[in-house]
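**Q** One structure, pasted below without further comment.
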Amino acid sequence: MLARMTNGKRFLVIGAGTMGNGYARMLASGRVPGATLAGVVDIDGTKALELANATGAPAFGDIETAVAETGAGAAYVATPDSLHRAPVEVLARLGLAILVEKPLATTVEDARAMMAAVEHAGVYAEVNYSNRWNPPFVEAMRTVDSGDIGELRSFNVCLNNPVSSPRDRLRWSGGTTPAWFLMSHCLDLALWLGRKKALTVYATGGRGELAGHGIETYDWIHAVVRYTDGADGVFESCWILPDSWPGGVEFRFKAIGTKGVIDVDTTYQNIAVTAERHRYPGTIQWAPARLQAFLRGMEGEVRTGVPFGDGLEVTRILVALHRSLESGSVEPV
Ligand SMILES: NC(=O)c1ccc[n+]([C@@H]2O[C@H](COP(=O)([O-])OP(=O)(O)OC[C@H]3O[C@@H](n4cnc5c(N)ncnc54)[C@H](O)[C@@H]3O)[C@@H](O)[C@H]2O)c1
C-alpha cells in the first residue's frame with residue numbers, strides 16, 4: 001500500500017560511508033536520468049550530516065523517519081557486510097524497492113530471512129554485484145552468450161586490495177574477511193557468466209600482517225570451488241598488497257571454455273601515470289549504468305538485475321568456504 005504512495009525514483013541512501021557517498025553524490029548530480037536523492041540515513045549523525053551537506057539532501061538517523069518525511073520509494077543500502085539484514089527488513093516492510101550492497105548477507109539464515117521479507121512485501125529487490133555492469137565483464141557476457149567460448153570449464157580469478165583499504169579506510173575490516181569483501185564479486189561473476197551451481201569448496205588462508213595492526217582477519221584467502229557440472233574455479237583475495245601499489249585493486253579474471261578463453265585485467269585501468277609516483281588512476285566506471293539497470297528492473301522492463309537468489313548462492317559458497325578455512329577440509333556448499 002505504502003509503495004503506491006511513495007515515489008520509486010527518489011532514493012534514500014542508507015549508510016553514508018565510502019559507497020554511500022559515491023551513490024548519493026551520483027544521484028544528486030543527475031548522472032542517473034530519472035533518479036534523484038531523497039535523503040541520507042546513517043546511525044552516525046556526523047557522517048549523515050556531512051553527506052547531506054555535500055548533496056543538499058536531508059539527513060536522518062533512522063529509516064522510518066526518512067521514509068515518512070521524504071516519501072522516497074527506493075533505497076540503496078551500503079551498511080557493513082554483516083549489517084544488511086535489518087535495513088532490508090525495515091525497507092521491505094515500508095514498501096520500498098531495495099538495492100543492497102554485496103554480499104547479500106554473511107549467514108545463510110540472514111540471506112533467507114531477507115529473501116522472505118522482500119517476497120512477503122512484494123517489493124523489487126536486487127543485490128549490488130555491480131561488476132556485472134563493469135564494461136569488460138559486459139563484453140565477456142556477450143561473448144559467452146554468442147557461444148564463441150563454448151562451455152566454461154575453468155575460472156582463475158584474483159581480486160586484491162592494497163593494505164590501506166582494510167587498515168586505514170574500513171573501520172569494520174576486523175568483522176569481515178577478504179573473501180566476503182572481495183571474493184564475493186569473483187564468485188558472483190563465475191555464477192553469472194557460467195550459470196553454475198557450486199558443489200564443494202576448499203580454502204586456505206593466512207593471518208599476521210593485519211593482526212599486527214589490531215585487525216583480526218585474514219591477510220589472504222585462496223579457494224578452490226568445484227561446480228556441479230565438473231567445472232572448477234580457483235580464487236584469490238588478498239588484503240595486504242603494499243602501500244606502494246599504484247591503484248585501488250589488482251583484478252585479473254580468466255575463464256577457459258571448451259572453445260575459447262576470456263581474459264580480463266582491470267588492474268591497470270588502461271592508463272599508467274608516472275610522476276611523483278607511479279599510479280593507475282581509476283578510469284573504468286560503471287555505477288550509473290548499474291543504477292539505470294535497477295530502475296529498469298523496478299519499472300518491470302526486461303530484468304537484467306541480480307536477484308536475491310543469486311546473492312543467497314554466493315553467501316552459501318562463502319559460508320562453506322569459511323567452514324573450510326577452520327576445518328582444513330573440503331566442505332559441501
Ligand atoms: N559493489 C561494490 O563494488 C562495493 C565496493 C566496496 C564496498 N561494497 C560494499 O558496500 C558496503 C558498505 O561498504 P563501505 O566501504 O561503504 O563501508 P563504510 O564503513 O565506508 O560505510 C558504512 C556506513 O554504514 C553506516 N551504518 C552502519 N550500520 C548502519 C545502520 N544500521 N543504518 C544506517 N547506517 C549504518 C556506518 O556508520 C558507515 O557510515 C559493504 O557491504 C561493502 O562490502 C561494495
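By convention here, the chains of the C-alpha cells are called A, B, ... in the order presented, each chain's residues are numbered starting at 1, and ligands are numbered starting at 1 in the order presented.
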What are the nearest atom pairs, with distances in Å to one decimal, for all residues of chain A that come at most 9 Å from ligand 1, using only C-alpha atoms and all ligand atoms, set out by chain and rising residue number as JSON lines?

**A**
```
{"residue": "A:Val13", "atom": "CA", "partner": "ligand 1", "partner_atom_place_in_ligand_line": "33 (C)", "distance": 8.7}
{"residue": "A:Ile14", "atom": "CA", "partner": "ligand 1", "partner_atom_place_in_ligand_line": "33 (C)", "distance": 5.1}
{"residue": "A:Gly15", "atom": "CA", "partner": "ligand 1", "partner_atom_place_in_ligand_line": "24 (O)", "distance": 3.6}
{"residue": "A:Ala16", "atom": "CA", "partner": "ligand 1", "partner_atom_place_in_ligand_line": "39 (O)", "distance": 4.4}
{"residue": "A:Gly17", "atom": "CA", "partner": "ligand 1", "partner_atom_place_in_ligand_line": "21 (O)", "distance": 3.2}
{"residue": "A:Thr18", "atom": "CA", "partner": "ligand 1", "partner_atom_place_in_ligand_line": "16 (O)", "distance": 3.8}
{"residue": "A:Met19", "atom": "CA", "partner": "ligand 1", "partner_atom_place_in_ligand_line": "16 (O)", "distance": 3.7}
{"residue": "A:Gly20", "atom": "CA", "partner": "ligand 1", "partner_atom_place_in_ligand_line": "16 (O)", "distance": 5.6}
{"residue": "A:Asn21", "atom": "CA", "partner": "ligand 1", "partner_atom_place_in_ligand_line": "16 (O)", "distance": 7.5}
{"residue": "A:Gly22", "atom": "CA", "partner": "ligand 1", "partner_atom_place_in_ligand_line": "16 (O)", "distance": 8.5}
{"residue": "A:Val40", "atom": "CA", "partner": "ligand 1", "partner_atom_place_in_ligand_line": "33 (C)", "distance": 8.8}
{"residue": "A:Val41", "atom": "CA", "partner": "ligand 1", "partner_atom_place_in_ligand_line": "33 (C)", "distance": 5.5}
{"residue": "A:Asp42", "atom": "CA", "partner": "ligand 1", "partner_atom_place_in_ligand_line": "34 (N)", "distance": 3.6}
{"residue": "A:Ile43", "atom": "CA", "partner": "ligand 1", "partner_atom_place_in_ligand_line": "34 (N)", "distance": 4.8}
{"residue": "A:Asp44", "atom": "CA", "partner": "ligand 1", "partner_atom_place_in_ligand_line": "37 (O)", "distance": 4.8}
{"residue": "A:Gly45", "atom": "CA", "partner": "ligand 1", "partner_atom_place_in_ligand_line": "37 (O)", "distance": 8.3}
{"residue": "A:Lys47", "atom": "CA", "partner": "ligand 1", "partner_atom_place_in_ligand_line": "39 (O)", "distance": 6.0}
{"residue": "A:Ala48", "atom": "CA", "partner": "ligand 1", "partner_atom_place_in_ligand_line": "39 (O)", "distance": 7.5}
{"residue": "A:Gly61", "atom": "CA", "partner": "ligand 1", "partner_atom_place_in_ligand_line": "33 (C)", "distance": 7.3}
{"residue": "A:Asp62", "atom": "CA", "partner": "ligand 1", "partner_atom_place_in_ligand_line": "32 (N)", "distance": 6.8}
{"residue": "A:Ile63", "atom": "CA", "partner": "ligand 1", "partner_atom_place_in_ligand_line": "32 (N)", "distance": 7.6}
{"residue": "A:Val77", "atom": "CA", "partner": "ligand 1", "partner_atom_place_in_ligand_line": "11 (C)", "distance": 7.5}
{"residue": "A:Ala78", "atom": "CA", "partner": "ligand 1", "partner_atom_place_in_ligand_line": "12 (C)", "distance": 4.2}
{"residue": "A:Thr79", "atom": "CA", "partner": "ligand 1", "partner_atom_place_in_ligand_line": "24 (O)", "distance": 3.7}
{"residue": "A:Pro80", "atom": "CA", "partner": "ligand 1", "partner_atom_place_in_ligand_line": "40 (C)", "distance": 4.4}
{"residue": "A:Asp81", "atom": "CA", "partner": "ligand 1", "partner_atom_place_in_ligand_line": "41 (O)", "distance": 3.7}
{"residue": "A:Ser82", "atom": "CA", "partner": "ligand 1", "partner_atom_place_in_ligand_line": "41 (O)", "distance": 7.3}
{"residue": "A:Leu83", "atom": "CA", "partner": "ligand 1", "partner_atom_place_in_ligand_line": "28 (N)", "distance": 6.2}
{"residue": "A:His84", "atom": "CA", "partner": "ligand 1", "partner_atom_place_in_ligand_line": "41 (O)", "distance": 7.3}
{"residue": "A:Arg85", "atom": "CA", "partner": "ligand 1", "partner_atom_place_in_ligand_line": "31 (N)", "distance": 8.9}
{"residue": "A:Ala86", "atom": "CA", "partner": "ligand 1", "partner_atom_place_in_ligand_line": "31 (N)", "distance": 6.8}
{"residue": "A:Pro87", "atom": "CA", "partner": "ligand 1", "partner_atom_place_in_ligand_line": "31 (N)", "distance": 6.1}
{"residue": "A:Val100", "atom": "CA", "partner": "ligand 1", "partner_atom_place_in_ligand_line": "41 (O)", "distance": 8.1}
{"residue": "A:Glu101", "atom": "CA", "partner": "ligand 1", "partner_atom_place_in_ligand_line": "10 (O)", "distance": 4.9}
{"residue": "A:Lys102", "atom": "CA", "partner": "ligand 1", "partner_atom_place_in_ligand_line": "41 (O)", "distance": 5.3}
{"residue": "A:Pro103", "atom": "CA", "partner": "ligand 1", "partner_atom_place_in_ligand_line": "41 (O)", "distance": 6.1}
{"residue": "A:Leu104", "atom": "CA", "partner": "ligand 1", "partner_atom_place_in_ligand_line": "41 (O)", "distance": 7.9}
{"residue": "A:Ala105", "atom": "CA", "partner": "ligand 1", "partner_atom_place_in_ligand_line": "41 (O)", "distance": 8.6}
{"residue": "A:Val127", "atom": "CA", "partner": "ligand 1", "partner_atom_place_in_ligand_line": "1 (N)", "distance": 8.8}
{"residue": "A:Asn128", "atom": "CA", "partner": "ligand 1", "partner_atom_place_in_ligand_line": "1 (N)", "distance": 5.4}
{"residue": "A:Tyr129", "atom": "CA", "partner": "ligand 1", "partner_atom_place_in_ligand_line": "1 (N)", "distance": 5.5}
{"residue": "A:Ser130", "atom": "CA", "partner": "ligand 1", "partner_atom_place_in_ligand_line": "1 (N)", "distance": 5.0}
{"residue": "A:Asn131", "atom": "CA", "partner": "ligand 1", "partner_atom_place_in_ligand_line": "3 (O)", "distance": 6.8}
{"residue": "A:Ser165", "atom": "CA", "partner": "ligand 1", "partner_atom_place_in_ligand_line": "15 (O)", "distance": 8.9}
{"residue": "A:Arg169", "atom": "CA", "partner": "ligand 1", "partner_atom_place_in_ligand_line": "20 (O)", "distance": 7.2}
{"residue": "A:Leu170", "atom": "CA", "partner": "ligand 1", "partner_atom_place_in_ligand_line": "19 (O)", "distance": 5.3}
{"residue": "A:Arg171", "atom": "CA", "partner": "ligand 1", "partner_atom_place_in_ligand_line": "19 (O)", "distance": 5.8}
{"residue": "A:Trp172", "atom": "CA", "partner": "ligand 1", "partner_atom_place_in_ligand_line": "19 (O)", "distance": 6.5}
{"residue": "A:Ser173", "atom": "CA", "partner": "ligand 1", "partner_atom_place_in_ligand_line": "19 (O)", "distance": 8.7}
{"residue": "A:Thr176", "atom": "CA", "partner": "ligand 1", "partner_atom_place_in_ligand_line": "43 (O)", "distance": 8.9}
{"residue": "A:Trp180", "atom": "CA", "partner": "ligand 1", "partner_atom_place_in_ligand_line": "43 (O)", "distance": 7.2}
{"residue": "A:Phe181", "atom": "CA", "partner": "ligand 1", "partner_atom_place_in_ligand_line": "43 (O)", "distance": 4.8}
{"residue": "A:Leu182", "atom": "CA", "partner": "ligand 1", "partner_atom_place_in_ligand_line": "43 (O)", "distance": 7.6}
{"residue": "A:Ser184", "atom": "CA", "partner": "ligand 1", "partner_atom_place_in_ligand_line": "43 (O)", "distance": 8.8}
{"residue": "A:His185", "atom": "CA", "partner": "ligand 1", "partner_atom_place_in_ligand_line": "3 (O)", "distance": 7.8}
{"residue": "A:Ala287", "atom": "CA", "partner": "ligand 1", "partner_atom_place_in_ligand_line": "3 (O)", "distance": 8.7}
```

**Q** Give me every strand (DSSP E) residue in range 55-142 of chain A, going by DSSP on the backbone, as a PyMOL selection string.

**A** chain A and resi 59-60+72-77+97-101+125-128

**Q** Please write the residues from the selection above to a file, keeping C-alpha atoms, as a PDB file, in the first residue's frame.

**A**
```pdb
ATOM      1  CA  ALA A  59      19.947  13.678   6.831  1.00  0.00           C
ATOM      2  CA  PHE A  60      18.194  11.128   9.045  1.00  0.00           C
ATOM      3  CA  ALA A  72      11.100   8.014  -1.103  1.00  0.00           C
ATOM      4  CA  GLY A  73      10.199   4.861  -3.000  1.00  0.00           C
ATOM      5  CA  ALA A  74      13.593   3.186  -3.325  1.00  0.00           C
ATOM      6  CA  ALA A  75      16.702   2.720  -1.226  1.00  0.00           C
ATOM      7  CA  TYR A  76      20.343   1.847  -1.729  1.00  0.00           C
ATOM      8  CA  VAL A  77      21.766   0.028   1.322  1.00  0.00           C
ATOM      9  CA  ALA A  97      12.376  -1.069  -3.780  1.00  0.00           C
ATOM     10  CA  ILE A  98      15.807  -2.139  -2.489  1.00  0.00           C
ATOM     11  CA  LEU A  99      19.310  -2.273  -3.937  1.00  0.00           C
ATOM     12  CA  VAL A 100      21.518  -3.771  -1.231  1.00  0.00           C
ATOM     13  CA  GLU A 101      25.293  -3.987  -1.372  1.00  0.00           C
ATOM     14  CA  ALA A 125      14.964  -6.052  -4.688  1.00  0.00           C
ATOM     15  CA  GLU A 126      18.455  -6.662  -6.038  1.00  0.00           C
ATOM     16  CA  VAL A 127      21.981  -7.266  -4.742  1.00  0.00           C
ATOM     17  CA  ASN A 128      24.687  -4.876  -5.933  1.00  0.00           C
TER      18      ASN A 128
END
```

**Q** Using only C-alpha atoms, determine which residues lie at most 12 Å from Tyr202 in chain A, disregarding the query and same-chain residues fewer than 4 positions distant; provide the list as a PDB file with N, CA and C atoms, in the first residue's frame.

**A**
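File part_16.pdb, as written:
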```pdb
ATOM      1  N   ALA A 198      27.561 -24.292  -7.198  1.00  0.00           N
ATOM      2  CA  ALA A 198      28.742 -24.849  -6.534  1.00  0.00           C
ATOM      3  C   ALA A 198      28.403 -26.128  -5.788  1.00  0.00           C
ATOM      4  N   ILE A 221      43.106 -15.121   1.323  1.00  0.00           N
ATOM      5  CA  ILE A 221      42.345 -16.375   1.277  1.00  0.00           C
ATOM      6  C   ILE A 221      42.417 -16.912  -0.148  1.00  0.00           C
ATOM      7  N   HIS A 222      42.706 -18.204  -0.250  1.00  0.00           N
ATOM      8  CA  HIS A 222      42.668 -18.897  -1.539  1.00  0.00           C
ATOM      9  C   HIS A 222      41.551 -19.934  -1.467  1.00  0.00           C
ATOM     10  N   ALA A 223      40.834 -20.140  -2.564  1.00  0.00           N
ATOM     11  CA  ALA A 223      39.753 -21.135  -2.543  1.00  0.00           C
ATOM     12  C   ALA A 223      39.670 -21.867  -3.886  1.00  0.00           C
ATOM     13  N   VAL A 224      39.333 -23.133  -3.800  1.00  0.00           N
ATOM     14  CA  VAL A 224      39.036 -23.923  -4.998  1.00  0.00           C
ATOM     15  C   VAL A 224      37.579 -24.336  -4.907  1.00  0.00           C
ATOM     16  N   VAL A 225      36.802 -23.954  -5.903  1.00  0.00           N
ATOM     17  CA  VAL A 225      35.373 -24.289  -5.911  1.00  0.00           C
ATOM     18  C   VAL A 225      35.129 -25.300  -7.027  1.00  0.00           C
ATOM     19  N   ARG A 226      34.459 -26.400  -6.667  1.00  0.00           N
ATOM     20  CA  ARG A 226      34.047 -27.372  -7.694  1.00  0.00           C
ATOM     21  C   ARG A 226      32.563 -27.175  -7.941  1.00  0.00           C
ATOM     22  N   ASP A 232      35.658 -26.085 -12.517  1.00  0.00           N
ATOM     23  CA  ASP A 232      36.388 -25.670 -11.306  1.00  0.00           C
ATOM     24  C   ASP A 232      36.712 -24.194 -11.357  1.00  0.00           C
ATOM     25  N   GLY A 233      36.880 -23.597 -10.184  1.00  0.00           N
ATOM     26  CA  GLY A 233      37.376 -22.224 -10.128  1.00  0.00           C
ATOM     27  C   GLY A 233      38.422 -22.095  -9.042  1.00  0.00           C
ATOM     28  N   VAL A 234      39.467 -21.329  -9.334  1.00  0.00           N
ATOM     29  CA  VAL A 234      40.494 -21.021  -8.339  1.00  0.00           C
ATOM     30  C   VAL A 234      40.407 -19.527  -8.072  1.00  0.00           C
ATOM     31  N   PHE A 235      40.251 -19.154  -6.808  1.00  0.00           N
ATOM     32  CA  PHE A 235      40.000 -17.746  -6.458  1.00  0.00           C
ATOM     33  C   PHE A 235      41.010 -17.283  -5.409  1.00  0.00           C
ATOM     34  N   ILE A 317      28.161 -20.329  -0.756  1.00  0.00           N
ATOM     35  CA  ILE A 317      29.547 -20.734  -1.067  1.00  0.00           C
ATOM     36  C   ILE A 317      30.506 -20.156  -0.017  1.00  0.00           C
ATOM     37  N   LEU A 318      30.300 -18.889   0.328  1.00  0.00           N
ATOM     38  CA  LEU A 318      31.229 -18.223   1.257  1.00  0.00           C
ATOM     39  C   LEU A 318      31.111 -18.769   2.677  1.00  0.00           C
ATOM     40  N   VAL A 319      29.922 -19.154   3.076  1.00  0.00           N
ATOM     41  CA  VAL A 319      29.764 -19.759   4.410  1.00  0.00           C
ATOM     42  C   VAL A 319      30.533 -21.085   4.443  1.00  0.00           C
ATOM     43  N   ALA A 320      30.392 -21.892   3.374  1.00  0.00           N
ATOM     44  CA  ALA A 320      31.121 -23.164   3.313  1.00  0.00           C
ATOM     45  C   ALA A 320      32.626 -22.905   3.249  1.00  0.00           C
ATOM     46  N   LEU A 321      33.026 -21.861   2.515  1.00  0.00           N
ATOM     47  CA  LEU A 321      34.452 -21.510   2.393  1.00  0.00           C
ATOM     48  C   LEU A 321      35.050 -21.191   3.776  1.00  0.00           C
ATOM     49  N   HIS A 322      34.328 -20.411   4.566  1.00  0.00           N
ATOM     50  CA  HIS A 322      34.854 -20.069   5.899  1.00  0.00           C
ATOM     51  C   HIS A 322      34.867 -21.292   6.816  1.00  0.00           C
ATOM     52  N   ARG A 323      33.924 -22.223   6.593  1.00  0.00           N
ATOM     53  CA  ARG A 323      33.967 -23.500   7.337  1.00  0.00           C
ATOM     54  C   ARG A 323      35.238 -24.254   6.967  1.00  0.00           C
ATOM     55  N   SER A 324      35.572 -24.259   5.675  1.00  0.00           N
ATOM     56  CA  SER A 324      36.754 -24.973   5.205  1.00  0.00           C
ATOM     57  C   SER A 324      38.030 -24.356   5.765  1.00  0.00           C
ATOM     58  N   LEU A 325      38.060 -23.037   5.894  1.00  0.00           N
ATOM     59  CA  LEU A 325      39.235 -22.369   6.478  1.00  0.00           C
ATOM     60  C   LEU A 325      39.493 -22.893   7.891  1.00  0.00           C
ATOM     61  N   GLU A 326      38.401 -23.143   8.621  1.00  0.00           N
ATOM     62  CA  GLU A 326      38.526 -23.618  10.004  1.00  0.00           C
ATOM     63  C   GLU A 326      38.836 -25.106  10.063  1.00  0.00           C
ATOM     64  N   SER A 327      38.157 -25.895   9.203  1.00  0.00           N
ATOM     65  CA  SER A 327      38.261 -27.356   9.302  1.00  0.00           C
ATOM     66  C   SER A 327      39.478 -27.905   8.571  1.00  0.00           C
ATOM     67  N   GLY A 328      39.959 -27.155   7.567  1.00  0.00           N
ATOM     68  CA  GLY A 328      41.069 -27.664   6.754  1.00  0.00           C
ATOM     69  C   GLY A 328      40.613 -28.741   5.780  1.00  0.00           C
ATOM     70  N   SER A 329      39.321 -28.913   5.618  1.00  0.00           N
ATOM     71  CA  SER A 329      38.792 -29.974   4.746  1.00  0.00           C
ATOM     72  C   SER A 329      37.988 -29.379   3.600  1.00  0.00           C
ATOM     73  N   VAL A 330      37.736 -30.220   2.605  1.00  0.00           N
ATOM     74  CA  VAL A 330      36.795 -29.842   1.547  1.00  0.00           C
ATOM     75  C   VAL A 330      35.408 -29.835   2.180  1.00  0.00           C
ATOM     76  N   GLU A 331      34.653 -28.778   1.942  1.00  0.00           N
ATOM     77  CA  GLU A 331      33.326 -28.667   2.568  1.00  0.00           C
ATOM     78  C   GLU A 331      32.227 -28.653   1.492  1.00  0.00           C
ATOM     79  N   PRO A 332      31.111 -29.313   1.763  1.00  0.00           N
ATOM     80  CA  PRO A 332      29.976 -29.214   0.838  1.00  0.00           C
ATOM     81  C   PRO A 332      29.377 -27.817   0.895  1.00  0.00           C
ATOM     82  N   VAL A 333      28.851 -27.342  -0.230  1.00  0.00           N
ATOM     83  CA  VAL A 333      28.256 -25.992  -0.249  1.00  0.00           C
ATOM     84  C   VAL A 333      26.783 -26.102   0.131  1.00  0.00           C
TER      85      VAL A 333
END
```

**Q** Taking into account only C-alpha atoms, which residue in the set A:Arg25, A:Lys9, A:Lys259, A:Arg31 is nearest to Thr55 in chain A?

**A**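 Closest to Thr55 in chain A, using only C-alpha atoms: A:Arg25.
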
**Q** Show which residues sit within 10 Å of Val67 in chain A, as a PDB file with N, CA and C atoms, in the first residue's frame. Count only C-alpha atoms, and ignore same-chain residues fewer than 6 positions away.

**A**
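Final file, out_10.pdb:
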```
ATOM      1  N   LEU A   2       1.876   1.251   0.925  1.00  0.00           N
ATOM      2  CA  LEU A   2       2.741   2.411   1.023  1.00  0.00           C
ATOM      3  C   LEU A   2       3.512   2.625  -0.279  1.00  0.00           C
ATOM      4  N   THR A   6       4.487   6.237  -2.443  1.00  0.00           N
ATOM      5  CA  THR A   6       5.853   6.757  -2.459  1.00  0.00           C
ATOM      6  C   THR A   6       6.321   6.912  -3.902  1.00  0.00           C
ATOM      7  N   PHE A  11      15.484   8.191  -4.201  1.00  0.00           N
ATOM      8  CA  PHE A  11      16.225   7.192  -3.438  1.00  0.00           C
ATOM      9  C   PHE A  11      16.677   7.707  -2.079  1.00  0.00           C
ATOM     10  N   LEU A  12      16.580   6.827  -1.081  1.00  0.00           N
ATOM     11  CA  LEU A  12      17.300   7.029   0.174  1.00  0.00           C
ATOM     12  C   LEU A  12      18.615   6.283   0.070  1.00  0.00           C
ATOM     13  N   ALA A  38      16.683  11.438  -2.289  1.00  0.00           N
ATOM     14  CA  ALA A  38      15.654  11.971  -1.387  1.00  0.00           C
ATOM     15  C   ALA A  38      16.217  12.249   0.001  1.00  0.00           C
ATOM     16  N   GLY A  39      17.218  11.478   0.428  1.00  0.00           N
ATOM     17  CA  GLY A  39      17.763  11.676   1.766  1.00  0.00           C
ATOM     18  C   GLY A  39      18.862  10.669   2.060  1.00  0.00           C
ATOM     19  N   PHE A  60      19.053  11.784   8.055  1.00  0.00           N
ATOM     20  CA  PHE A  60      18.194  11.128   9.045  1.00  0.00           C
ATOM     21  C   PHE A  60      19.007  10.106   9.823  1.00  0.00           C
ATOM     22  N   GLY A  73      10.756   6.159  -2.613  1.00  0.00           N
ATOM     23  CA  GLY A  73      10.199   4.861  -3.000  1.00  0.00           C
ATOM     24  C   GLY A  73      11.241   3.792  -3.230  1.00  0.00           C
ATOM     25  N   ALA A  74      12.521   4.167  -3.107  1.00  0.00           N
ATOM     26  CA  ALA A  74      13.593   3.186  -3.325  1.00  0.00           C
ATOM     27  C   ALA A  74      14.739   3.505  -2.383  1.00  0.00           C
ATOM     28  N   ALA A  75      15.569   2.501  -2.121  1.00  0.00           N
ATOM     29  CA  ALA A  75      16.702   2.720  -1.226  1.00  0.00           C
ATOM     30  C   ALA A  75      17.902   1.918  -1.690  1.00  0.00           C
ATOM     31  N   LEU A  91      12.986  -1.674   5.233  1.00  0.00           N
ATOM     32  CA  LEU A  91      12.624  -1.084   3.926  1.00  0.00           C
ATOM     33  C   LEU A  91      11.548  -1.913   3.233  1.00  0.00           C
ATOM     34  N   LEU A  94       8.227  -1.285   4.672  1.00  0.00           N
ATOM     35  CA  LEU A  94       7.696   0.033   4.304  1.00  0.00           C
ATOM     36  C   LEU A  94       7.395   0.136   2.808  1.00  0.00           C
ATOM     37  N   GLY A  95       7.671  -0.941   2.068  1.00  0.00           N
ATOM     38  CA  GLY A  95       7.256  -0.988   0.663  1.00  0.00           C
ATOM     39  C   GLY A  95       8.215  -0.357  -0.327  1.00  0.00           C
ATOM     40  N   LEU A  96       9.496  -0.168   0.053  1.00  0.00           N
ATOM     41  CA  LEU A  96      10.444   0.451  -0.885  1.00  0.00           C
ATOM     42  C   LEU A  96      11.143  -0.606  -1.736  1.00  0.00           C
TER      43      LEU A  96
END
```

**Q** Identify which of the residues A:Thr177, A:Ser237, A:Thr46, A:Gln285 lies closest to Thr217 in chain A, counting only C-alpha atoms when measuring atom-to-atom distances.

**A** A:Thr177

**Q** Do you have the CA of Thr304 in chain A-CA of Ala117 in chain A distance handy?

**A**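 CA of Ala117 in chain A lies at a distance of 21.5 Å from CA of Thr304 in chain A.
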
**Q** What is the CA of Gly175 in chain A to CA of Ile215 in chain A distance in Å?

**A**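 Going from CA of Gly175 in chain A over to CA of Ile215 in chain A, I get 8.6 Å.
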
**Q** Please provide the set of residues having any atom within 12 Å of Tyr280 in chain A, restricted to only C-alpha atoms, with same-chain residues fewer than 4 positions apart removed, written as a list in words.

**A**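 In the requested form, the answer reads Ser244, Trp245, Pro246, Gly247, Gly248, Val249, Glu250, Thr266, Thr267, Tyr268, Gln269, Asn270, Ile271, Ala272, Val273, Thr274, Ala275 and Ile284 of chain A.
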
**Q** Using the chain letters and numbers from this document, which residues of range 156-225 of chain A does DSSP assign to helix (DSSP H, G or I), as a list in words?

**A**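 Taking range 156-225 of chain A and keeping helix (DSSP H, G or I) gives Ser164, Ser165, Pro166, Arg167, Asp168, Arg169, Ser173, Gly174, Gly175, Pro178, Ala179, Trp180, Phe181, Leu182, Met183, Ser184, His185, Cys186, Leu187, Asp188, Leu189, Ala190, Leu191, Trp192, Leu193, Gly194, Ala211, Gly212 and His213 of chain A.
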
**Q** Find the residue from A:Val90, A:Gly309, A:Asp229, A:Asn7 that sits nearest to Thr70 in chain A; use only C-alpha atoms when measuring.

**A** A:Asn7

**Q** For Ala179 in chain A, which of A:Leu193, A:Ala35, A:Ala121, A:Ala203 is the closest residue, counting only C-alpha atoms?

**A**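 Checking each candidate against Ala179 in chain A, we get A:Ala203 as the closest.
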
**Q** Select, from A:Gly122, A:Pro307, A:Pro288, A:Pro166, the residue with the minimum atom-to-atom distance to Gly30 in chain A, counting only C-alpha atoms.

**A**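 The answer is A:Pro288, which sits nearest to Gly30 in chain A.
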
**Q** Given only C-alpha atoms as the basis, pick out the residue of A:Arg207, A:Gly214, A:Asn161, A:Val306 nearest to Glu236 in chain A.

**A**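 Of A:Arg207, A:Gly214, A:Asn161, A:Val306, the one nearest Glu236 in chain A is A:Asn161, counting only C-alpha atoms.
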